[in-house]
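Shown next: entry_7.cif, containing mmCIF, N, CA and C atoms.
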```
data_work
loop_
_atom_site.label_atom_id
_atom_site.label_comp_id
_atom_site.auth_asym_id
_atom_site.auth_seq_id
_atom_site.Cartn_x
_atom_site.Cartn_y
_atom_site.Cartn_z
N MET A 260 -97.07 99.16 6.52
CA MET A 260 -97.03 98.03 5.61
C MET A 260 -98.45 97.73 5.15
N ASN A 261 -98.59 97.65 3.84
CA ASN A 261 -99.90 97.37 3.26
C ASN A 261 -99.80 96.08 2.43
N PRO A 262 -100.49 95.01 2.85
CA PRO A 262 -100.39 93.74 2.12
C PRO A 262 -100.86 93.82 0.67
N ALA A 263 -101.67 94.80 0.33
CA ALA A 263 -102.13 94.94 -1.06
C ALA A 263 -100.95 95.18 -2.01
N TYR A 264 -99.92 95.85 -1.52
CA TYR A 264 -98.76 96.11 -2.37
C TYR A 264 -97.93 94.84 -2.57
N MET A 265 -97.85 94.01 -1.53
CA MET A 265 -97.15 92.74 -1.70
C MET A 265 -97.96 91.83 -2.63
N LYS A 266 -99.26 91.90 -2.55
CA LYS A 266 -100.09 91.11 -3.47
C LYS A 266 -99.81 91.52 -4.92
N ARG A 267 -99.67 92.81 -5.16
CA ARG A 267 -99.36 93.27 -6.52
C ARG A 267 -97.97 92.78 -6.94
N ALA A 268 -97.02 92.82 -6.02
CA ALA A 268 -95.68 92.31 -6.32
C ALA A 268 -95.75 90.82 -6.67
N LEU A 269 -96.60 90.08 -5.97
CA LEU A 269 -96.79 88.66 -6.28
C LEU A 269 -97.40 88.45 -7.66
N GLU A 270 -98.33 89.31 -8.04
CA GLU A 270 -98.90 89.22 -9.39
C GLU A 270 -97.81 89.43 -10.45
N LEU A 271 -96.93 90.38 -10.21
CA LEU A 271 -95.82 90.62 -11.13
C LEU A 271 -94.86 89.43 -11.15
N ALA A 272 -94.64 88.83 -9.99
CA ALA A 272 -93.79 87.63 -9.93
C ALA A 272 -94.42 86.50 -10.73
N GLN A 273 -95.73 86.37 -10.65
CA GLN A 273 -96.43 85.34 -11.43
C GLN A 273 -96.26 85.59 -12.93
N GLU A 274 -96.32 86.85 -13.35
CA GLU A 274 -96.07 87.19 -14.76
C GLU A 274 -94.67 86.75 -15.18
N ALA A 275 -93.70 86.99 -14.32
CA ALA A 275 -92.33 86.57 -14.61
C ALA A 275 -92.27 85.04 -14.73
N PHE A 276 -92.88 84.36 -13.80
CA PHE A 276 -92.94 82.89 -13.82
C PHE A 276 -93.51 82.40 -15.15
N ASP A 277 -94.63 82.99 -15.55
CA ASP A 277 -95.31 82.57 -16.78
C ASP A 277 -94.46 82.77 -18.03
N GLU A 278 -93.48 83.67 -17.94
CA GLU A 278 -92.59 83.93 -19.08
C GLU A 278 -91.23 83.24 -18.92
N GLY A 279 -91.12 82.34 -17.94
CA GLY A 279 -89.88 81.58 -17.78
C GLY A 279 -88.79 82.29 -17.01
N GLU A 280 -89.16 83.34 -16.30
CA GLU A 280 -88.20 84.09 -15.49
C GLU A 280 -88.32 83.67 -14.02
N VAL A 281 -87.24 83.83 -13.27
CA VAL A 281 -87.33 83.61 -11.83
C VAL A 281 -88.41 84.55 -11.31
N PRO A 282 -89.40 84.02 -10.59
CA PRO A 282 -90.56 84.82 -10.22
C PRO A 282 -90.32 85.80 -9.07
N VAL A 283 -89.89 86.99 -9.44
CA VAL A 283 -89.71 88.07 -8.47
C VAL A 283 -90.42 89.29 -9.02
N GLY A 284 -91.21 89.93 -8.18
CA GLY A 284 -91.90 91.17 -8.55
C GLY A 284 -91.65 92.23 -7.50
N ALA A 285 -91.71 93.49 -7.92
CA ALA A 285 -91.45 94.61 -7.01
C ALA A 285 -92.33 95.80 -7.36
N VAL A 286 -92.72 96.54 -6.34
CA VAL A 286 -93.45 97.80 -6.55
C VAL A 286 -92.86 98.88 -5.66
N VAL A 287 -92.83 100.09 -6.19
CA VAL A 287 -92.41 101.26 -5.42
C VAL A 287 -93.68 102.06 -5.13
N VAL A 288 -93.84 102.42 -3.87
CA VAL A 288 -95.03 103.11 -3.40
C VAL A 288 -94.64 104.45 -2.79
N ARG A 289 -95.42 105.48 -3.08
CA ARG A 289 -95.25 106.79 -2.44
C ARG A 289 -96.63 107.33 -2.11
N ASN A 290 -96.79 107.82 -0.90
CA ASN A 290 -98.07 108.38 -0.45
C ASN A 290 -99.24 107.45 -0.74
N ASP A 291 -99.05 106.18 -0.42
CA ASP A 291 -100.09 105.16 -0.57
C ASP A 291 -100.56 104.98 -2.02
N GLU A 292 -99.63 105.16 -2.97
CA GLU A 292 -99.93 104.98 -4.39
C GLU A 292 -98.74 104.29 -5.05
N ILE A 293 -99.03 103.29 -5.89
CA ILE A 293 -97.96 102.63 -6.62
C ILE A 293 -97.42 103.59 -7.68
N ILE A 294 -96.13 103.87 -7.60
CA ILE A 294 -95.46 104.78 -8.53
C ILE A 294 -94.87 104.00 -9.70
N SER A 295 -94.35 102.80 -9.41
CA SER A 295 -93.74 101.99 -10.46
C SER A 295 -93.76 100.52 -10.07
N GLU A 296 -93.52 99.70 -11.07
CA GLU A 296 -93.51 98.25 -10.88
C GLU A 296 -92.34 97.65 -11.66
N GLY A 297 -91.93 96.48 -11.23
CA GLY A 297 -90.89 95.77 -11.95
C GLY A 297 -91.00 94.28 -11.71
N ARG A 298 -90.41 93.53 -12.62
CA ARG A 298 -90.31 92.08 -12.45
C ARG A 298 -89.05 91.61 -13.14
N ASN A 299 -88.63 90.43 -12.79
CA ASN A 299 -87.43 89.88 -13.42
C ASN A 299 -87.62 89.74 -14.91
N ARG A 300 -86.60 90.15 -15.67
CA ARG A 300 -86.60 90.01 -17.12
C ARG A 300 -85.20 89.66 -17.64
N ARG A 301 -84.41 88.98 -16.80
CA ARG A 301 -83.02 88.66 -17.19
C ARG A 301 -82.96 87.78 -18.42
N GLU A 302 -83.78 86.77 -18.48
CA GLU A 302 -83.76 85.86 -19.64
C GLU A 302 -84.29 86.57 -20.88
N GLN A 303 -85.38 87.28 -20.72
CA GLN A 303 -86.01 87.99 -21.84
C GLN A 303 -85.06 89.02 -22.45
N ASN A 304 -84.40 89.78 -21.59
CA ASN A 304 -83.51 90.85 -22.06
C ASN A 304 -82.05 90.43 -22.19
N LYS A 305 -81.75 89.21 -21.77
CA LYS A 305 -80.37 88.70 -21.80
C LYS A 305 -79.42 89.68 -21.10
N ASN A 306 -79.83 90.08 -19.89
CA ASN A 306 -79.11 91.12 -19.17
C ASN A 306 -79.15 90.83 -17.68
N ALA A 307 -78.01 90.70 -17.05
CA ALA A 307 -77.91 90.39 -15.62
C ALA A 307 -78.48 91.50 -14.74
N LEU A 308 -78.63 92.69 -15.27
CA LEU A 308 -79.13 93.82 -14.48
C LEU A 308 -80.65 93.88 -14.39
N CYS A 309 -81.33 93.05 -15.12
CA CYS A 309 -82.80 93.14 -15.22
C CYS A 309 -83.51 92.43 -14.08
N HIS A 310 -83.23 92.85 -12.86
CA HIS A 310 -83.92 92.35 -11.67
C HIS A 310 -85.16 93.21 -11.44
N ALA A 311 -86.13 92.65 -10.73
CA ALA A 311 -87.39 93.34 -10.46
C ALA A 311 -87.17 94.68 -9.76
N GLU A 312 -86.31 94.69 -8.74
CA GLU A 312 -86.08 95.92 -7.98
C GLU A 312 -85.45 97.01 -8.84
N ILE A 313 -84.48 96.62 -9.66
CA ILE A 313 -83.79 97.59 -10.51
C ILE A 313 -84.78 98.22 -11.49
N GLU A 314 -85.63 97.39 -12.09
CA GLU A 314 -86.63 97.91 -13.02
C GLU A 314 -87.59 98.86 -12.31
N ALA A 315 -88.07 98.48 -11.12
CA ALA A 315 -89.01 99.33 -10.38
C ALA A 315 -88.35 100.64 -9.96
N ILE A 316 -87.10 100.58 -9.49
CA ILE A 316 -86.39 101.79 -9.07
C ILE A 316 -86.16 102.71 -10.27
N ASP A 317 -85.73 102.15 -11.39
CA ASP A 317 -85.50 102.94 -12.60
C ASP A 317 -86.78 103.67 -13.03
N LYS A 318 -87.88 102.95 -13.06
CA LYS A 318 -89.15 103.56 -13.47
C LYS A 318 -89.61 104.62 -12.47
N ALA A 319 -89.38 104.38 -11.18
CA ALA A 319 -89.77 105.36 -10.16
C ALA A 319 -88.97 106.65 -10.31
N CYS A 320 -87.67 106.52 -10.54
CA CYS A 320 -86.83 107.71 -10.73
C CYS A 320 -87.32 108.52 -11.93
N LYS A 321 -87.65 107.84 -13.00
CA LYS A 321 -88.15 108.52 -14.19
C LYS A 321 -89.51 109.17 -13.93
N ALA A 322 -90.39 108.47 -13.24
CA ALA A 322 -91.72 109.00 -12.95
C ALA A 322 -91.68 110.22 -12.04
N LEU A 323 -90.74 110.20 -11.09
CA LEU A 323 -90.67 111.28 -10.10
C LEU A 323 -89.65 112.36 -10.47
N GLY A 324 -88.87 112.11 -11.50
CA GLY A 324 -87.94 113.12 -11.97
C GLY A 324 -86.71 113.33 -11.11
N GLY A 325 -86.25 112.28 -10.45
CA GLY A 325 -85.04 112.40 -9.63
C GLY A 325 -84.60 111.05 -9.13
N TRP A 326 -83.36 110.98 -8.65
CA TRP A 326 -82.81 109.70 -8.20
C TRP A 326 -83.05 109.42 -6.72
N ARG A 327 -83.44 110.42 -5.96
CA ARG A 327 -83.70 110.22 -4.53
C ARG A 327 -85.15 109.82 -4.33
N LEU A 328 -85.36 108.61 -3.87
CA LEU A 328 -86.71 108.10 -3.63
C LEU A 328 -87.00 108.08 -2.12
N TRP A 329 -86.64 109.15 -1.44
CA TRP A 329 -86.69 109.22 0.01
C TRP A 329 -88.11 109.22 0.58
N GLU A 330 -89.11 109.42 -0.24
CA GLU A 330 -90.50 109.37 0.24
C GLU A 330 -91.19 108.06 -0.13
N CYS A 331 -90.43 107.10 -0.62
CA CYS A 331 -91.00 105.87 -1.16
C CYS A 331 -90.73 104.65 -0.28
N GLU A 332 -91.48 103.61 -0.56
CA GLU A 332 -91.27 102.30 0.03
C GLU A 332 -91.18 101.30 -1.11
N LEU A 333 -90.44 100.23 -0.88
CA LEU A 333 -90.31 99.17 -1.87
C LEU A 333 -90.88 97.88 -1.30
N TYR A 334 -91.71 97.23 -2.08
CA TYR A 334 -92.24 95.91 -1.75
C TYR A 334 -91.69 94.94 -2.80
N VAL A 335 -91.07 93.85 -2.35
CA VAL A 335 -90.48 92.89 -3.29
C VAL A 335 -90.69 91.48 -2.73
N THR A 336 -90.91 90.53 -3.62
CA THR A 336 -91.26 89.18 -3.20
C THR A 336 -90.08 88.36 -2.68
N LEU A 337 -88.86 88.76 -2.99
CA LEU A 337 -87.66 88.04 -2.54
C LEU A 337 -86.68 89.03 -1.94
N GLU A 338 -86.04 88.63 -0.89
CA GLU A 338 -85.01 89.47 -0.25
C GLU A 338 -84.00 89.94 -1.29
N PRO A 339 -83.72 91.23 -1.33
CA PRO A 339 -82.80 91.77 -2.34
C PRO A 339 -81.39 91.18 -2.27
N CYS A 340 -80.81 91.02 -3.46
CA CYS A 340 -79.44 90.54 -3.63
C CYS A 340 -78.48 91.73 -3.40
N PRO A 341 -77.16 91.52 -3.49
CA PRO A 341 -76.22 92.63 -3.28
C PRO A 341 -76.44 93.80 -4.25
N MET A 342 -76.67 93.50 -5.53
CA MET A 342 -76.87 94.57 -6.51
C MET A 342 -78.12 95.39 -6.18
N CYS A 343 -79.20 94.70 -5.88
CA CYS A 343 -80.46 95.40 -5.62
C CYS A 343 -80.43 96.14 -4.29
N ALA A 344 -79.81 95.54 -3.28
CA ALA A 344 -79.67 96.23 -2.00
C ALA A 344 -78.85 97.50 -2.18
N GLY A 345 -77.80 97.43 -2.99
CA GLY A 345 -77.00 98.62 -3.28
C GLY A 345 -77.81 99.69 -4.00
N ALA A 346 -78.66 99.28 -4.93
CA ALA A 346 -79.51 100.24 -5.65
C ALA A 346 -80.50 100.89 -4.69
N ILE A 347 -81.03 100.12 -3.76
CA ILE A 347 -81.98 100.65 -2.77
C ILE A 347 -81.29 101.70 -1.91
N VAL A 348 -80.08 101.40 -1.45
CA VAL A 348 -79.31 102.35 -0.65
C VAL A 348 -79.04 103.62 -1.46
N ASN A 349 -78.58 103.45 -2.70
CA ASN A 349 -78.24 104.60 -3.53
C ASN A 349 -79.45 105.44 -3.91
N ALA A 350 -80.63 104.82 -3.99
CA ALA A 350 -81.85 105.56 -4.30
C ALA A 350 -82.46 106.19 -3.04
N ARG A 351 -81.89 105.88 -1.89
CA ARG A 351 -82.34 106.44 -0.61
C ARG A 351 -83.77 106.03 -0.26
N ILE A 352 -84.13 104.80 -0.60
CA ILE A 352 -85.47 104.30 -0.24
C ILE A 352 -85.43 103.96 1.25
N PRO A 353 -86.26 104.60 2.06
CA PRO A 353 -86.15 104.43 3.51
C PRO A 353 -86.74 103.15 4.09
N LYS A 354 -87.65 102.49 3.35
CA LYS A 354 -88.32 101.32 3.92
C LYS A 354 -88.49 100.25 2.84
N VAL A 355 -88.10 99.02 3.18
CA VAL A 355 -88.20 97.89 2.27
C VAL A 355 -88.96 96.77 2.97
N TYR A 356 -89.93 96.22 2.26
CA TYR A 356 -90.68 95.05 2.71
C TYR A 356 -90.42 93.93 1.71
N PHE A 357 -90.06 92.76 2.20
CA PHE A 357 -89.87 91.64 1.27
C PHE A 357 -90.57 90.40 1.78
N GLY A 358 -90.82 89.48 0.86
CA GLY A 358 -91.54 88.26 1.18
C GLY A 358 -90.64 87.15 1.67
N SER A 359 -90.02 86.45 0.73
CA SER A 359 -89.22 85.28 1.04
C SER A 359 -87.78 85.67 1.34
N TYR A 360 -87.23 85.05 2.37
CA TYR A 360 -85.80 85.23 2.66
C TYR A 360 -84.99 84.47 1.63
N ASP A 361 -83.83 85.01 1.27
CA ASP A 361 -82.94 84.38 0.30
C ASP A 361 -81.67 83.94 1.03
N LEU A 362 -81.61 82.67 1.36
CA LEU A 362 -80.52 82.15 2.18
C LEU A 362 -79.21 81.97 1.40
N LYS A 363 -79.24 82.21 0.09
CA LYS A 363 -78.03 82.12 -0.73
C LYS A 363 -77.46 83.49 -1.08
N ASN A 364 -78.33 84.46 -1.36
CA ASN A 364 -77.88 85.76 -1.85
C ASN A 364 -78.48 86.96 -1.12
N GLY A 365 -79.27 86.73 -0.12
CA GLY A 365 -79.99 87.82 0.55
C GLY A 365 -79.07 88.79 1.27
N CYS A 366 -79.27 90.07 1.02
CA CYS A 366 -78.41 91.11 1.61
C CYS A 366 -79.16 92.05 2.53
N CYS A 367 -80.25 91.56 3.09
CA CYS A 367 -80.99 92.33 4.10
C CYS A 367 -81.00 91.56 5.41
N GLY A 368 -79.95 90.75 5.62
CA GLY A 368 -79.81 90.04 6.87
C GLY A 368 -79.58 88.55 6.75
N SER A 369 -80.00 87.92 5.65
CA SER A 369 -79.84 86.47 5.55
C SER A 369 -78.39 86.04 5.36
N VAL A 370 -77.69 86.63 4.40
CA VAL A 370 -76.28 86.32 4.16
C VAL A 370 -75.43 87.51 4.61
N LEU A 371 -75.80 88.67 4.15
CA LEU A 371 -75.19 89.95 4.54
C LEU A 371 -76.30 90.92 4.91
N ASP A 372 -75.91 92.02 5.52
CA ASP A 372 -76.88 93.09 5.77
C ASP A 372 -76.27 94.41 5.30
N LEU A 373 -76.44 94.70 4.03
CA LEU A 373 -75.89 95.93 3.47
C LEU A 373 -76.59 97.17 4.01
N PHE A 374 -77.77 96.97 4.60
CA PHE A 374 -78.50 98.12 5.14
C PHE A 374 -77.97 98.55 6.51
N SER A 375 -77.03 97.82 7.07
CA SER A 375 -76.53 98.17 8.40
C SER A 375 -75.12 98.75 8.38
N LEU A 376 -74.55 98.98 7.21
CA LEU A 376 -73.19 99.53 7.14
C LEU A 376 -73.17 100.93 7.76
N LYS A 377 -72.16 101.20 8.57
CA LYS A 377 -72.09 102.44 9.35
C LYS A 377 -72.11 103.71 8.51
N GLU A 378 -71.32 103.77 7.50
CA GLU A 378 -71.15 105.02 6.74
C GLU A 378 -72.12 105.13 5.56
N ASN A 379 -73.22 104.45 5.63
CA ASN A 379 -74.14 104.37 4.52
C ASN A 379 -75.53 104.86 4.92
N PHE A 380 -76.36 105.13 3.92
CA PHE A 380 -77.79 105.31 4.16
C PHE A 380 -78.33 103.96 4.62
N ARG A 381 -79.17 103.96 5.62
CA ARG A 381 -79.63 102.70 6.22
C ARG A 381 -81.15 102.56 6.13
N PRO A 382 -81.64 101.88 5.10
CA PRO A 382 -83.08 101.64 5.01
C PRO A 382 -83.55 100.71 6.12
N ALA A 383 -84.77 100.93 6.57
CA ALA A 383 -85.41 99.98 7.47
C ALA A 383 -85.93 98.84 6.60
N CYS A 384 -86.00 97.65 7.17
CA CYS A 384 -86.35 96.49 6.35
C CYS A 384 -87.18 95.51 7.18
N GLN A 385 -88.20 94.96 6.56
CA GLN A 385 -89.02 93.94 7.21
C GLN A 385 -89.23 92.79 6.23
N GLY A 386 -88.81 91.59 6.61
CA GLY A 386 -88.97 90.42 5.77
C GLY A 386 -90.08 89.52 6.26
N GLY A 387 -90.40 88.53 5.45
CA GLY A 387 -91.41 87.55 5.82
C GLY A 387 -92.84 87.98 5.52
N ILE A 388 -93.02 89.02 4.72
CA ILE A 388 -94.37 89.49 4.37
C ILE A 388 -94.94 88.54 3.32
N MET A 389 -96.03 87.88 3.64
CA MET A 389 -96.66 86.90 2.74
C MET A 389 -95.62 85.87 2.27
N GLU A 390 -94.79 85.47 3.20
CA GLU A 390 -93.65 84.61 2.90
C GLU A 390 -94.05 83.28 2.26
N GLU A 391 -95.10 82.65 2.77
CA GLU A 391 -95.50 81.35 2.22
C GLU A 391 -95.88 81.46 0.75
N GLU A 392 -96.64 82.50 0.39
CA GLU A 392 -97.06 82.68 -1.00
C GLU A 392 -95.85 82.94 -1.90
N CYS A 393 -94.92 83.75 -1.42
CA CYS A 393 -93.71 84.05 -2.19
C CYS A 393 -92.86 82.80 -2.37
N GLN A 394 -92.68 82.03 -1.31
CA GLN A 394 -91.89 80.80 -1.39
C GLN A 394 -92.55 79.77 -2.29
N ARG A 395 -93.86 79.67 -2.22
CA ARG A 395 -94.58 78.70 -3.05
C ARG A 395 -94.31 78.95 -4.53
N LEU A 396 -94.34 80.21 -4.92
CA LEU A 396 -94.10 80.57 -6.31
C LEU A 396 -92.66 80.24 -6.73
N LEU A 397 -91.70 80.60 -5.88
CA LEU A 397 -90.30 80.30 -6.18
C LEU A 397 -90.03 78.80 -6.25
N LYS A 398 -90.54 78.06 -5.28
CA LYS A 398 -90.33 76.61 -5.27
C LYS A 398 -90.98 75.97 -6.49
N GLY A 399 -92.16 76.43 -6.85
CA GLY A 399 -92.84 75.90 -8.03
C GLY A 399 -92.04 76.15 -9.30
N PHE A 400 -91.43 77.31 -9.39
CA PHE A 400 -90.62 77.65 -10.57
C PHE A 400 -89.42 76.71 -10.68
N PHE A 401 -88.68 76.53 -9.58
CA PHE A 401 -87.48 75.71 -9.64
C PHE A 401 -87.82 74.23 -9.79
N LYS A 402 -88.95 73.80 -9.26
CA LYS A 402 -89.41 72.42 -9.48
C LYS A 402 -89.69 72.21 -10.96
N LYS A 403 -90.35 73.17 -11.59
CA LYS A 403 -90.67 73.09 -13.02
C LYS A 403 -89.38 73.05 -13.86
N LEU A 404 -88.38 73.81 -13.46
CA LEU A 404 -87.09 73.80 -14.17
C LEU A 404 -86.41 72.43 -14.12
N ARG A 405 -86.52 71.77 -12.97
CA ARG A 405 -85.87 70.46 -12.80
C ARG A 405 -86.56 69.37 -13.60
N GLU A 406 -87.83 69.55 -13.91
CA GLU A 406 -88.61 68.51 -14.61
C GLU A 406 -88.30 68.44 -16.09
#
```
For this file, produce the structure as structure tokens.
Amino acid sequence: MNPAYMKRALELAQEAFDEGEVPVGAVVVRNDEIISEGRNRREQNKNALCHAEIEAIDKACKALGGWRLWECELYVTLEPCPMCAGAIVNARIPKVYFGSYDLKNGCCGSVLDLFSLKENFRPACQGGIMEEECQRLLKGFFKKLRE
């Protein structure tokens, strides 16, 4: 685990925040190098699929020329939702690091644990990485929405 990658994911989350998106950022890393990045763009693209993880996984597949990301790690500021956890499993990403736990939609242990299904690829997962910074950004975004 390298905190520099979570810091980059936080920078991407801040970009999303600045554009009125839920502040989530993600980076895919291979051999200690960022291969791709993503951030939420659901409002901008008017598309429910435009989550940070999906964008980062899509770009990584294109950059590496294949759908199996078995040599990669994913860093994301918020615990993946069901769609993103499914994409991680299907891309065969072996290790996921996330910042803030998502007690409403989190599928890496908070609500469900899609990574522990018996007949599936099972990524290792570690949450709570730079959790305070990730939560601060999310709370600030939703506070701003309520105002």
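In the backbone-derived DSSP annotation, strand (DSSP E or B) within stretch 356-404 of chain A comprises Tyr356, Phe357, Gly358, Ser359, Cys367, Asp372, Ala383, Cys384 and Gln385 of chain A.
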TODO: Name the residues in contact with stretch 290-302 of chain A at a cut-off of 12 Å, using only C-alpha atoms, excluding same-chain residues fewer than 6 positions from it; report them as a PyMOL selection string.
DONE: chain A and resi 260-265+267-284+308-324+328-337+343
- [ ] Mind giving me the straight-line distance from atom CA of A:Ala285 to atom N of A:Ser375 in Å, one decimal?
- [x] 20.4 Å
Open item on the list: I'd like the interatomic distance between atom CA of A:Leu396 and atom C of A:Glu338, to a tenth of an Å.
Closed with: 14.7 Å
Task: Sel. of helix (DSSP H, G or I) residues, stretch 262-373 of chain A, as a PyMOL selection string - done: chain A and resi 262-277+301-304+311-323+341-350+373
Could you write those residues out with N, CA and C atoms, as a short mmCIF file (atom, residue, chain, number, x, y, z; two decimals), keeping the file's coordinate frame?
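Ended up saving to part_37.cif:
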```cif
data_model
loop_
_atom_site.label_atom_id
_atom_site.label_comp_id
_atom_site.auth_asym_id
_atom_site.auth_seq_id
_atom_site.Cartn_x
_atom_site.Cartn_y
_atom_site.Cartn_z
N PRO A 262 -100.49 95.01 2.85
CA PRO A 262 -100.39 93.74 2.12
C PRO A 262 -100.86 93.82 0.67
N ALA A 263 -101.67 94.80 0.33
CA ALA A 263 -102.13 94.94 -1.06
C ALA A 263 -100.95 95.18 -2.01
N TYR A 264 -99.92 95.85 -1.52
CA TYR A 264 -98.76 96.11 -2.37
C TYR A 264 -97.93 94.84 -2.57
N MET A 265 -97.85 94.01 -1.53
CA MET A 265 -97.15 92.74 -1.70
C MET A 265 -97.96 91.83 -2.63
N LYS A 266 -99.26 91.90 -2.55
CA LYS A 266 -100.09 91.11 -3.47
C LYS A 266 -99.81 91.52 -4.92
N ARG A 267 -99.67 92.81 -5.16
CA ARG A 267 -99.36 93.27 -6.52
C ARG A 267 -97.97 92.78 -6.94
N ALA A 268 -97.02 92.82 -6.02
CA ALA A 268 -95.68 92.31 -6.32
C ALA A 268 -95.75 90.82 -6.67
N LEU A 269 -96.60 90.08 -5.97
CA LEU A 269 -96.79 88.66 -6.28
C LEU A 269 -97.40 88.45 -7.66
N GLU A 270 -98.33 89.31 -8.04
CA GLU A 270 -98.90 89.22 -9.39
C GLU A 270 -97.81 89.43 -10.45
N LEU A 271 -96.93 90.38 -10.21
CA LEU A 271 -95.82 90.62 -11.13
C LEU A 271 -94.86 89.43 -11.15
N ALA A 272 -94.64 88.83 -9.99
CA ALA A 272 -93.79 87.63 -9.93
C ALA A 272 -94.42 86.50 -10.73
N GLN A 273 -95.73 86.37 -10.65
CA GLN A 273 -96.43 85.34 -11.43
C GLN A 273 -96.26 85.59 -12.93
N GLU A 274 -96.32 86.85 -13.35
CA GLU A 274 -96.07 87.19 -14.76
C GLU A 274 -94.67 86.75 -15.18
N ALA A 275 -93.70 86.99 -14.32
CA ALA A 275 -92.33 86.57 -14.61
C ALA A 275 -92.27 85.04 -14.73
N PHE A 276 -92.88 84.36 -13.80
CA PHE A 276 -92.94 82.89 -13.82
C PHE A 276 -93.51 82.40 -15.15
N ASP A 277 -94.63 82.99 -15.55
CA ASP A 277 -95.31 82.57 -16.78
C ASP A 277 -94.46 82.77 -18.03
N ARG A 301 -84.41 88.98 -16.80
CA ARG A 301 -83.02 88.66 -17.19
C ARG A 301 -82.96 87.78 -18.42
N GLU A 302 -83.78 86.77 -18.48
CA GLU A 302 -83.76 85.86 -19.64
C GLU A 302 -84.29 86.57 -20.88
N GLN A 303 -85.38 87.28 -20.72
CA GLN A 303 -86.01 87.99 -21.84
C GLN A 303 -85.06 89.02 -22.45
N ASN A 304 -84.40 89.78 -21.59
CA ASN A 304 -83.51 90.85 -22.06
C ASN A 304 -82.05 90.43 -22.19
N ALA A 311 -86.13 92.65 -10.73
CA ALA A 311 -87.39 93.34 -10.46
C ALA A 311 -87.17 94.68 -9.76
N GLU A 312 -86.31 94.69 -8.74
CA GLU A 312 -86.08 95.92 -7.98
C GLU A 312 -85.45 97.01 -8.84
N ILE A 313 -84.48 96.62 -9.66
CA ILE A 313 -83.79 97.59 -10.51
C ILE A 313 -84.78 98.22 -11.49
N GLU A 314 -85.63 97.39 -12.09
CA GLU A 314 -86.63 97.91 -13.02
C GLU A 314 -87.59 98.86 -12.31
N ALA A 315 -88.07 98.48 -11.12
CA ALA A 315 -89.01 99.33 -10.38
C ALA A 315 -88.35 100.64 -9.96
N ILE A 316 -87.10 100.58 -9.49
CA ILE A 316 -86.39 101.79 -9.07
C ILE A 316 -86.16 102.71 -10.27
N ASP A 317 -85.73 102.15 -11.39
CA ASP A 317 -85.50 102.94 -12.60
C ASP A 317 -86.78 103.67 -13.03
N LYS A 318 -87.88 102.95 -13.06
CA LYS A 318 -89.15 103.56 -13.47
C LYS A 318 -89.61 104.62 -12.47
N ALA A 319 -89.38 104.38 -11.18
CA ALA A 319 -89.77 105.36 -10.16
C ALA A 319 -88.97 106.65 -10.31
N CYS A 320 -87.67 106.52 -10.54
CA CYS A 320 -86.83 107.71 -10.73
C CYS A 320 -87.32 108.52 -11.93
N LYS A 321 -87.65 107.84 -13.00
CA LYS A 321 -88.15 108.52 -14.19
C LYS A 321 -89.51 109.17 -13.93
N ALA A 322 -90.39 108.47 -13.24
CA ALA A 322 -91.72 109.00 -12.95
C ALA A 322 -91.68 110.22 -12.04
N LEU A 323 -90.74 110.20 -11.09
CA LEU A 323 -90.67 111.28 -10.10
C LEU A 323 -89.65 112.36 -10.47
N PRO A 341 -77.16 91.52 -3.49
CA PRO A 341 -76.22 92.63 -3.28
C PRO A 341 -76.44 93.80 -4.25
N MET A 342 -76.67 93.50 -5.53
CA MET A 342 -76.87 94.57 -6.51
C MET A 342 -78.12 95.39 -6.18
N CYS A 343 -79.20 94.70 -5.88
CA CYS A 343 -80.46 95.40 -5.62
C CYS A 343 -80.43 96.14 -4.29
N ALA A 344 -79.81 95.54 -3.28
CA ALA A 344 -79.67 96.23 -2.00
C ALA A 344 -78.85 97.50 -2.18
N GLY A 345 -77.80 97.43 -2.99
CA GLY A 345 -77.00 98.62 -3.28
C GLY A 345 -77.81 99.69 -4.00
N ALA A 346 -78.66 99.28 -4.93
CA ALA A 346 -79.51 100.24 -5.65
C ALA A 346 -80.50 100.89 -4.69
N ILE A 347 -81.03 100.12 -3.76
CA ILE A 347 -81.98 100.65 -2.77
C ILE A 347 -81.29 101.70 -1.91
N VAL A 348 -80.08 101.40 -1.45
CA VAL A 348 -79.31 102.35 -0.65
C VAL A 348 -79.04 103.62 -1.46
N ASN A 349 -78.58 103.45 -2.70
CA ASN A 349 -78.24 104.60 -3.53
C ASN A 349 -79.45 105.44 -3.91
N ALA A 350 -80.63 104.82 -3.99
CA ALA A 350 -81.85 105.56 -4.30
C ALA A 350 -82.46 106.19 -3.04
N LEU A 373 -76.44 94.70 4.03
CA LEU A 373 -75.89 95.93 3.47
C LEU A 373 -76.59 97.17 4.01
#
```
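Look at A:Asp372: the protein and nucleic acid residues within 12 Å of it, using only C-alpha atoms and passing over chain neighbours fewer than 2 places away, are A:Glu338, A:Pro339, A:Cys340, A:Pro341, A:Ala344, A:Gly345, A:Val348, A:Asp361, A:Asn364, A:Gly365, A:Cys366, A:Cys367, A:Gly368, A:Ser369, A:Val370, A:Phe374, A:Ser375, A:Leu376, A:Lys377, A:Asn379, A:Arg381, A:Pro382, A:Ala383, A:Cys384.
Rounded to one decimal, atom N of A:Gln394 and atom N of A:Ile352 lie 24.3 Å from each other.
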